[in-house]
$ cat data26.pdb   # PDB, C-alpha atoms
MODEL        1
ATOM      1  CA  MET A1353       0.000   0.000   0.000
ATOM      2  CA  GLN A1354       2.810   2.343   0.791
ATOM      3  CA  GLY A1355       4.228   2.019  -2.706
ATOM      4  CA  VAL A1356       1.858   4.583  -4.129
ATOM      5  CA  LEU A1357       3.052   7.160  -1.644
ATOM      6  CA  ASN A1358       6.429   7.168  -3.330
ATOM      7  CA  VAL A1359       5.132   7.610  -6.864
ATOM      8  CA  LYS A1360       7.208  10.278  -8.528
ATOM      9  CA  THR A1361       7.653  11.545 -11.988
ATOM     10  CA  SER A1362      10.422   9.033 -12.531
ATOM     11  CA  LEU A1363      10.260   8.517 -16.265
ATOM     12  CA  CYS A1364      12.105  11.682 -17.136
ATOM     13  CA  SER A1365      15.487   9.987 -17.629
ATOM     14  CA  ALA A1366      13.891   7.323 -19.833
ATOM     15  CA  ALA A1367      11.897   9.825 -21.837
ATOM     16  CA  LEU A1368      14.997  11.962 -22.417
ATOM     17  CA  ALA A1369      17.290   9.046 -23.241
ATOM     18  CA  ALA A1370      16.962   9.458 -27.029
ATOM     19  CA  ALA A1371      20.294  10.799 -28.150
ATOM     20  CA  VAL A1372      19.547  11.965 -31.657
ATOM     21  CA  LEU A1373      16.617  13.527 -33.445
ATOM     22  CA  ALA A1374      17.578  13.147 -37.088
ATOM     23  CA  CYS A1375      15.798  14.319 -40.210
ATOM     24  CA  GLY A1376      17.032  13.246 -43.641
ATOM     25  CA  PHE A1377      16.852  16.547 -45.478
ATOM     26  CA  ALA A1378      19.273  18.105 -47.925
ATOM     27  CA  ALA A1379      22.233  19.947 -46.478
ATOM     28  CA  SER A1380      22.666  23.685 -46.919
ATOM     29  CA  PRO A1381      24.403  26.543 -45.133
ATOM     30  CA  ALA A1382      22.570  27.177 -41.863
ATOM     31  CA  PHE A1383      23.326  28.415 -38.377
ATOM     32  CA  GLY A1384      26.641  29.849 -39.469
ATOM     33  CA  GLN A1385      27.799  26.818 -41.460
ATOM     34  CA  THR A1386      29.350  27.311 -44.867
ATOM     35  CA  GLY A1387      29.150  23.754 -46.132
ATOM     36  CA  GLY A1388      28.547  20.109 -45.286
ATOM     37  CA  THR A1389      25.560  18.843 -43.358
ATOM     38  CA  ALA A1390      23.621  21.509 -41.487
ATOM     39  CA  VAL A1391      23.558  20.557 -37.805
ATOM     40  CA  ALA A1392      21.641  21.990 -34.851
ATOM     41  CA  VAL A1393      21.257  21.084 -31.184
ATOM     42  CA  ILE A1394      18.296  21.045 -28.812
ATOM     43  CA  ASP A1395      18.186  20.972 -25.018
ATOM     44  CA  VAL A1396      15.483  18.340 -24.453
ATOM     45  CA  PRO A1397      15.530  18.476 -20.611
ATOM     46  CA  TYR A1398      15.018  22.241 -20.843
ATOM     47  CA  ILE A1399      12.086  21.703 -23.198
ATOM     48  CA  PHE A1400      10.351  19.389 -20.728
ATOM     49  CA  LYS A1401      10.976  21.705 -17.770
ATOM     50  CA  ASN A1402       9.498  24.683 -19.603
ATOM     51  CA  HIS A1403       6.767  23.067 -21.697
ATOM     52  CA  VAL A1404       3.675  24.671 -20.142
ATOM     53  CA  ARG A1405       1.104  22.048 -21.104
ATOM     54  CA  PHE A1406       3.406  19.207 -20.064
ATOM     55  CA  GLN A1407       3.946  20.747 -16.642
ATOM     56  CA  GLN A1408       0.208  21.287 -16.215
ATOM     57  CA  GLN A1409      -0.534  17.657 -17.029
ATOM     58  CA  ILE A1410       2.138  16.382 -14.645
ATOM     59  CA  GLU A1411       0.763  18.684 -11.951
ATOM     60  CA  ASP A1412      -2.700  17.172 -12.469
ATOM     61  CA  ILE A1413      -1.253  13.708 -11.872
ATOM     62  CA  LYS A1414       0.516  14.914  -8.716
ATOM     63  CA  LYS A1415      -2.755  16.350  -7.409
ATOM     64  CA  ASP A1416      -4.479  12.998  -7.973
ATOM     65  CA  ILE A1417      -1.643  11.241  -6.131
ATOM     66  CA  ASP A1418      -2.023  13.636  -3.193
ATOM     67  CA  ALA A1419      -5.761  12.994  -3.168
ATOM     68  CA  TYR A1420      -5.149   9.256  -3.078
ATOM     69  CA  LYS A1421      -2.832   9.715  -0.101
ATOM     70  CA  ASP A1422      -5.886  10.871   1.848
ATOM     71  CA  ILE A1423      -7.681   7.676   0.846
ATOM     72  CA  VAL A1424      -4.704   5.612   2.021
ATOM     73  CA  THR A1425      -4.806   7.424   5.362
ATOM     74  CA  GLN A1426      -8.492   6.552   5.721
ATOM     75  CA  GLN A1427      -7.760   2.912   4.885
ATOM     76  CA  GLN A1428      -5.017   2.754   7.493
ATOM     77  CA  THR A1429      -7.375   4.244  10.078
ATOM     78  CA  GLN A1430      -9.975   1.627   9.215
ATOM     79  CA  LEU A1431      -7.438  -1.169   9.672
ATOM     80  CA  ARG A1432      -6.379   0.203  13.076
ATOM     81  CA  THR A1433     -10.003   0.388  14.153
ATOM     82  CA  GLU A1434     -10.613  -3.199  13.115
ATOM     83  CA  SER A1435      -7.423  -4.343  14.852
ATOM     84  CA  GLU A1436      -8.543  -2.702  18.079
ATOM     85  CA  LYS A1437     -11.717  -4.785  17.985
ATOM     86  CA  LEU A1438      -9.609  -7.876  18.578
ATOM     87  CA  ASN A1439      -9.108  -6.701  22.155
ATOM     88  CA  GLN A1440     -12.818  -7.092  22.729
ATOM     89  CA  PHE A1441     -12.777 -10.827  22.105
ATOM     90  CA  LYS A1442     -10.855 -13.799  23.358
ATOM     91  CA  ALA A1443      -8.400 -15.386  20.960
ATOM     92  CA  GLY A1444      -9.810 -18.476  19.346
ATOM     93  CA  THR A1445     -13.466 -17.479  19.625
ATOM     94  CA  ARG A1446     -15.733 -17.161  16.603
ATOM     95  CA  GLU A1447     -15.959 -13.409  17.029
ATOM     96  CA  TYR A1448     -12.178 -13.087  17.202
ATOM     97  CA  LYS A1449     -11.732 -15.130  14.027
ATOM     98  CA  ASP A1450     -14.390 -13.071  12.210
ATOM     99  CA  VAL A1451     -12.543  -9.865  13.004
ATOM    100  CA  GLU A1452      -9.233 -11.419  11.918
ATOM    101  CA  GLU A1453     -10.761 -12.507   8.619
ATOM    102  CA  ASN A1454     -12.223  -9.048   8.036
ATOM    103  CA  ILE A1455      -8.823  -7.437   8.685
ATOM    104  CA  ALA A1456      -7.138  -9.837   6.267
ATOM    105  CA  ARG A1457      -9.804  -9.148   3.637
ATOM    106  CA  LEU A1458      -9.418  -5.384   4.002
ATOM    107  CA  ARG A1459      -5.642  -5.597   3.693
ATOM    108  CA  VAL A1460      -5.905  -7.570   0.456
ATOM    109  CA  GLU A1461      -8.489  -5.151  -0.952
ATOM    110  CA  PHE A1462      -6.438  -2.114  -0.024
ATOM    111  CA  GLN A1463      -3.258  -3.612  -1.480
ATOM    112  CA  LEU A1464      -4.991  -4.462  -4.766
ATOM    113  CA  ASP A1465      -6.408  -0.959  -4.936
ATOM    114  CA  SER A1466      -2.969   0.511  -4.225
ATOM    115  CA  ASN A1467      -1.370  -1.564  -6.999
ATOM    116  CA  LYS A1468      -4.071  -0.554  -9.460
ATOM    117  CA  ARG A1469      -3.778   3.136  -8.610
ATOM    118  CA  GLN A1470       0.011   3.090  -8.844
ATOM    119  CA  LYS A1471      -0.137   1.405 -12.250
ATOM    120  CA  ASP A1472      -2.675   3.974 -13.417
ATOM    121  CA  PHE A1473      -0.537   6.906 -12.254
ATOM    122  CA  MET A1474       2.562   5.534 -13.980
ATOM    123  CA  GLU A1475       0.708   4.816 -17.216
ATOM    124  CA  ARG A1476      -0.765   8.312 -17.242
ATOM    125  CA  GLU A1477       2.667   9.794 -16.636
ATOM    126  CA  ALA A1478       4.233   7.693 -19.379
ATOM    127  CA  LYS A1479       1.537   8.759 -21.830
ATOM    128  CA  VAL A1480       2.160  12.438 -21.064
ATOM    129  CA  TYR A1481       5.907  12.054 -21.633
ATOM    130  CA  PHE A1482       5.333  10.050 -24.811
ATOM    131  CA  ASN A1483       2.902  12.539 -26.331
ATOM    132  CA  VAL A1484       5.050  15.569 -25.550
ATOM    133  CA  TYR A1485       8.196  13.898 -26.860
ATOM    134  CA  ARG A1486       6.337  13.118 -30.094
ATOM    135  CA  GLU A1487       5.408  16.801 -30.283
ATOM    136  CA  VAL A1488       9.059  17.728 -29.859
ATOM    137  CA  GLU A1489      10.043  15.348 -32.655
ATOM    138  CA  ALA A1490       7.368  16.720 -34.969
ATOM    139  CA  ALA A1491       8.297  20.351 -34.257
ATOM    140  CA  VAL A1492      11.980  19.626 -34.806
ATOM    141  CA  ALA A1493      11.272  17.745 -38.049
ATOM    142  CA  ASP A1494       9.110  20.586 -39.371
ATOM    143  CA  PHE A1495      11.627  23.279 -38.440
ATOM    144  CA  SER A1496      14.503  21.250 -39.870
ATOM    145  CA  ALA A1497      12.692  20.666 -43.160
ATOM    146  CA  ARG A1498      11.957  24.367 -43.573
ATOM    147  CA  ASN A1499      15.526  25.371 -42.701
ATOM    148  CA  ARG A1500      17.367  22.548 -44.452
ATOM    149  CA  ILE A1501      18.843  21.115 -41.276
ATOM    150  CA  GLY A1502      20.048  17.563 -41.769
ATOM    151  CA  LEU A1503      20.854  16.582 -38.180
ATOM    152  CA  VAL A1504      19.617  17.642 -34.745
ATOM    153  CA  LEU A1505      21.514  16.413 -31.694
ATOM    154  CA  ARG A1506      20.441  16.308 -28.091
ATOM    155  CA  TYR A1507      22.246  18.909 -26.022
ATOM    156  CA  SER A1508      22.287  19.965 -22.375
ATOM    157  CA  ALA A1509      23.397  23.351 -21.121
ATOM    158  CA  GLU A1510      23.243  22.305 -17.473
ATOM    159  CA  ASP A1511      26.607  22.576 -15.763
ATOM    160  CA  MET A1512      28.151  19.566 -14.070
ATOM    161  CA  ASP A1513      28.081  19.621 -10.289
ATOM    162  CA  PRO A1514      31.587  18.582  -9.154
ATOM    163  CA  THR A1515      30.160  17.420  -5.815
ATOM    164  CA  LYS A1516      27.687  14.966  -7.372
ATOM    165  CA  ARG A1517      28.841  11.830  -9.145
ATOM    166  CA  ASP A1518      25.652  11.433 -11.225
ATOM    167  CA  SER A1519      25.950  14.980 -12.513
ATOM    168  CA  ILE A1520      29.582  14.411 -13.463
ATOM    169  CA  MET A1521      28.821  11.158 -15.304
ATOM    170  CA  GLN A1522      25.954  12.749 -17.179
ATOM    171  CA  GLY A1523      28.240  15.570 -18.228
ATOM    172  CA  ILE A1524      30.948  13.189 -19.391
ATOM    173  CA  ASN A1525      28.419  11.224 -21.436
ATOM    174  CA  ARG A1526      27.039  14.244 -23.244
ATOM    175  CA  ILE A1527      26.855  13.813 -26.976
ATOM    176  CA  VAL A1528      27.608  17.459 -27.746
ATOM    177  CA  ILE A1529      30.677  18.818 -25.996
ATOM    178  CA  TYR A1530      30.696  22.169 -27.750
ATOM    179  CA  GLN A1531      28.294  24.144 -29.895
ATOM    180  CA  ASN A1532      28.276  27.728 -31.096
ATOM    181  CA  ARG A1533      25.013  29.368 -32.179
ATOM    182  CA  LEU A1534      23.445  26.072 -33.254
ATOM    183  CA  ASN A1535      20.835  25.913 -30.493
ATOM    184  CA  ILE A1536      17.199  25.736 -31.682
ATOM    185  CA  THR A1537      15.752  25.031 -28.208
ATOM    186  CA  ASP A1538      13.966  28.369 -27.745
ATOM    187  CA  ILE A1539      12.480  28.225 -31.229
ATOM    188  CA  ILE A1540      11.021  24.765 -30.664
ATOM    189  CA  LEU A1541       9.841  25.603 -27.141
ATOM    190  CA  ASP A1542       8.054  28.711 -28.408
ATOM    191  CA  THR A1543       6.325  26.595 -31.050
ATOM    192  CA  LEU A1544       5.189  24.023 -28.489
ATOM    193  CA  ASN A1545       3.955  26.627 -25.973
ATOM    194  CA  ARG A1546       2.227  28.811 -28.537
ATOM    195  CA  GLY A1547      -1.425  29.267 -27.632
ATOM    196  CA  THR A1548      -1.069  27.690 -24.175
ATOM    197  CA  PRO A1549      -1.706  30.105 -21.273
ATOM    198  CA  ALA A1550       1.218  30.238 -18.888
ATOM    199  CA  ALA A1551       0.580  28.846 -15.429
ATOM    200  CA  ALA A1552       0.291  31.330 -12.592
ATOM    201  CA  PRO A1553       3.345  31.452 -10.287
ATOM    202  CA  SER A1554       1.335  30.078  -7.376
ATOM    203  CA  THR A1555       0.514  26.911  -9.330
ATOM    204  CA  ALA A1556       4.041  26.180 -10.504
ATOM    205  CA  THR A1557       4.964  22.535 -10.284
ATOM    206  CA  PRO A1558       6.811  21.797  -7.004
ATOM    207  CA  GLY A1559      10.269  20.378  -7.406
ATOM    208  CA  VAL A1560      10.760  21.540 -10.984
ATOM    209  CA  ALA A1561      14.052  23.292 -11.459
ATOM    210  CA  PRO A1562      14.045  26.862 -12.798
ATOM    211  CA  PRO A1563      14.975  27.388 -16.453
ATOM    212  CA  ILE A1564      18.547  26.371 -17.186
ATOM    213  CA  PRO A1565      20.605  29.105 -18.839
ATOM    214  CA  ARG A1566      21.771  27.778 -22.191
ATOM    215  CA  ARG A1567      25.099  28.573 -23.755
TER     216      ARG A1567
ENDMDL
END
$ encode --input "data26.pdb" --output "structure tokens"
Amino acid sequence: MQGVLNVKTSLCSAALAAAVLACGFAASPAFGQTGGTAVAVIDVPYIFKNHVRFQQQIEDIKKDIDAYKDIVTQQQTQLRTESEKLNQFKAGTREYKDVEENIARLRVEFQLDSNKRQKDFMEREAKVYFNVYREVEAAVADFSARNRIGLVLRYSAEDMDPTKRDSIMQGINRIVIYQNRLNITDIILDTLNRGTPAAAPSTATPGVAPPIPRR
């Protein structure tokens, strides 16, 4: 039952694992290039952190998780109440066994409900990530076709934290080590957010990092 209490938006690393968004279009001078294949980069983590509709949908899931926490609390209270009834009867009596059976039944029901809810939350979250990533791909493909970009690579402008091993390893494993004026992140983000009202500051998603300055 407690598993659902730890549900987090944990699919981010999986959703952002795609290393390359490639479009097979003809090469031409673009983004300061004078020849060869036109290449651009995009900061996918930044896109997800600043995609307004994505953040709103994830916030809706978090609200549903918080609401279910209240249900779990009620279930736990019910189990404690039933357990206290055991003190009213002598062990081994029919009444005692009936209460024991009811407690066991409730625990199974609550656990099944918890498993179902957790699966539902994770599937909803996965669908949100999938749909938004598809939008990113489509926006990148459209922009690349119109600007004759032949290759778009995943890029991250987030600095490595020398005190955190995971941050260092992620930095070392970056596909793009250096880029100069090839970043199309803001263009794609503007396309994705166009027409979507920005969330009010008071409803900002908890735990989401502020925009990462891109270089």
$ atom_distance --input "data26.pdb" --atom1 "atom CA of Ala1456 of chain A" --atom2 "atom CA of Arg1432 of chain A"
12.2 Å
$ atom_distance --input "data26.pdb" --atom1 "atom CA of Ala1490 of chain A" --atom2 "atom CA of Ile1524 of chain A"
28.5 Å
$ closest_residue --input "data26.pdb" --among "A:Phe1495, A:Tyr1507, A:Phe1462, A:Tyr1485" --to "Phe1406 of chain A" --atoms "all atoms listed in the file"
A:Tyr1485
$ atom_distance --input "data26.pdb" --atom1 "atom CA of Ala1497 of chain A" --atom2 "atom CA of Asn1535 of chain A"
15.9 Å
$ closest_residue --input "data26.pdb" --among "A:Lys1415, A:Leu1438, A:Asp1395, A:Val1424" --to "Gln1463 of chain A" --atoms "all atoms listed in the file"
A:Val1424
$ resolve_selection --input "data26.pdb" --expression "the PyMOL selection byres ((chain A and resi 1539) around 12)" --output "mmCIF file with C-alpha atoms, in the coordinates of the input"
data_model
loop_
_atom_site.group_PDB
_atom_site.id
_atom_site.type_symbol
_atom_site.label_atom_id
_atom_site.label_comp_id
_atom_site.auth_asym_id
_atom_site.auth_seq_id
_atom_site.Cartn_x
_atom_site.Cartn_y
_atom_site.Cartn_z
ATOM 1 C CA ALA A 1392 21.641 21.990 -34.851
ATOM 2 C CA VAL A 1393 21.257 21.084 -31.184
ATOM 3 C CA ILE A 1394 18.296 21.045 -28.812
ATOM 4 C CA ASP A 1395 18.186 20.972 -25.018
ATOM 5 C CA ILE A 1399 12.086 21.703 -23.198
ATOM 6 C CA VAL A 1488 9.059 17.728 -29.859
ATOM 7 C CA ALA A 1491 8.297 20.351 -34.257
ATOM 8 C CA VAL A 1492 11.980 19.626 -34.806
ATOM 9 C CA ASP A 1494 9.110 20.586 -39.371
ATOM 10 C CA PHE A 1495 11.627 23.279 -38.440
ATOM 11 C CA SER A 1496 14.503 21.250 -39.870
ATOM 12 C CA LEU A 1534 23.445 26.072 -33.254
ATOM 13 C CA ASN A 1535 20.835 25.913 -30.493
ATOM 14 C CA ILE A 1536 17.199 25.736 -31.682
ATOM 15 C CA THR A 1537 15.752 25.031 -28.208
ATOM 16 C CA ASP A 1538 13.966 28.369 -27.745
ATOM 17 C CA ILE A 1540 11.021 24.765 -30.664
ATOM 18 C CA LEU A 1541 9.841 25.603 -27.141
ATOM 19 C CA ASP A 1542 8.054 28.711 -28.408
ATOM 20 C CA THR A 1543 6.325 26.595 -31.050
ATOM 21 C CA LEU A 1544 5.189 24.023 -28.489
ATOM 22 C CA ASN A 1545 3.955 26.627 -25.973
ATOM 23 C CA ARG A 1546 2.227 28.811 -28.537
#
$ closest_atom_pairs --input "data26.pdb" --of "segment 1450-1554 of chain A" --to "segment 1407-1411 of chain A" --cutoff "12 Å" --atoms "only C-alpha atoms" --output "JSON lines"
{"residue": "A:Phe1473", "atom": "CA", "partner": "A:Ile1410", "partner_atom": "CA", "distance": 10.1}
{"residue": "A:Met1474", "atom": "CA", "partner": "A:Ile1410", "partner_atom": "CA", "distance": 10.9}
{"residue": "A:Glu1475", "atom": "CA", "partner": "A:Ile1410", "partner_atom": "CA", "distance": 11.9}
{"residue": "A:Arg1476", "atom": "CA", "partner": "A:Ile1410", "partner_atom": "CA", "distance": 9.0}
{"residue": "A:Glu1477", "atom": "CA", "partner": "A:Ile1410", "partner_atom": "CA", "distance": 6.9}
{"residue": "A:Ala1478", "atom": "CA", "partner": "A:Ile1410", "partner_atom": "CA", "distance": 10.1}
{"residue": "A:Lys1479", "atom": "CA", "partner": "A:Gln1409", "partner_atom": "CA", "distance": 10.3}
{"residue": "A:Val1480", "atom": "CA", "partner": "A:Gln1409", "partner_atom": "CA", "distance": 7.1}
{"residue": "A:Tyr1481", "atom": "CA", "partner": "A:Ile1410", "partner_atom": "CA", "distance": 9.0}
{"residue": "A:Asn1483", "atom": "CA", "partner": "A:Gln1409", "partner_atom": "CA", "distance": 11.2}
{"residue": "A:Val1484", "atom": "CA", "partner": "A:Gln1407", "partner_atom": "CA", "distance": 10.4}
{"residue": "A:Asn1545", "atom": "CA", "partner": "A:Gln1407", "partner_atom": "CA", "distance": 11.0}
{"residue": "A:Thr1548", "atom": "CA", "partner": "A:Gln1408", "partner_atom": "CA", "distance": 10.3}
{"residue": "A:Pro1549", "atom": "CA", "partner": "A:Gln1408", "partner_atom": "CA", "distance": 10.3}
{"residue": "A:Ala1550", "atom": "CA", "partner": "A:Gln1408", "partner_atom": "CA", "distance": 9.4}
{"residue": "A:Ala1551", "atom": "CA", "partner": "A:Gln1408", "partner_atom": "CA", "distance": 7.6}
{"residue": "A:Ala1552", "atom": "CA", "partner": "A:Gln1408", "partner_atom": "CA", "distance": 10.7}
$ axis_aligned_box --input "data26.pdb" --around "segment 1440-1453 of chain A" --padding-each-side "5 Å" --output "AutoDock Vina command-line options"
--center_x -12.2 --center_y -12.8 --center_z 16.0 --size_x 17.6 --size_y 21.4 --size_z 24.7
$ residues_near_point --input "data26.pdb" --point "(23.9, 19.7, -39.7)" --cutoff "6 Å" --atoms "all atoms listed in the file" --output "PyMOL selection string"
chain A and resi 1389-1392+1501-1503
$ closest_residue --input "data26.pdb" --among "A:Arg1459, A:Lys1468, A:His1403, A:Arg1533" --to "Leu1431 of chain A" --atoms "all atoms listed in the file"
A:Arg1459
$ closest_residue --input "data26.pdb" --among "A:Glu1453, A:Asp1518, A:Glu1489, A:Asp1465" --to "Tyr1420 of chain A" --atoms "all atoms listed in the file"
A:Asp1465
$ resolve_selection --input "data26.pdb" --expression "the PyMOL selection byres ((chain A and resi 1452) around 12)" --output "tab-separated table (two decimals) with C-alpha atoms, in the coordinates of the input"
chain	number	residue	atom	x	y	z
A	1431	LEU	CA	-7.44	-1.17	9.67
A	1434	GLU	CA	-10.61	-3.20	13.12
A	1435	SER	CA	-7.42	-4.34	14.85
A	1436	GLU	CA	-8.54	-2.70	18.08
A	1437	LYS	CA	-11.72	-4.78	17.98
A	1438	LEU	CA	-9.61	-7.88	18.58
A	1439	ASN	CA	-9.11	-6.70	22.16
A	1441	PHE	CA	-12.78	-10.83	22.10
A	1442	LYS	CA	-10.86	-13.80	23.36
A	1443	ALA	CA	-8.40	-15.39	20.96
A	1444	GLY	CA	-9.81	-18.48	19.35
A	1445	THR	CA	-13.47	-17.48	19.62
A	1446	ARG	CA	-15.73	-17.16	16.60
A	1447	GLU	CA	-15.96	-13.41	17.03
A	1448	TYR	CA	-12.18	-13.09	17.20
A	1449	LYS	CA	-11.73	-15.13	14.03
A	1450	ASP	CA	-14.39	-13.07	12.21
A	1451	VAL	CA	-12.54	-9.86	13.00
A	1453	GLU	CA	-10.76	-12.51	8.62
A	1454	ASN	CA	-12.22	-9.05	8.04
A	1455	ILE	CA	-8.82	-7.44	8.68
A	1456	ALA	CA	-7.14	-9.84	6.27
A	1457	ARG	CA	-9.80	-9.15	3.64
A	1458	LEU	CA	-9.42	-5.38	4.00
A	1459	ARG	CA	-5.64	-5.60	3.69
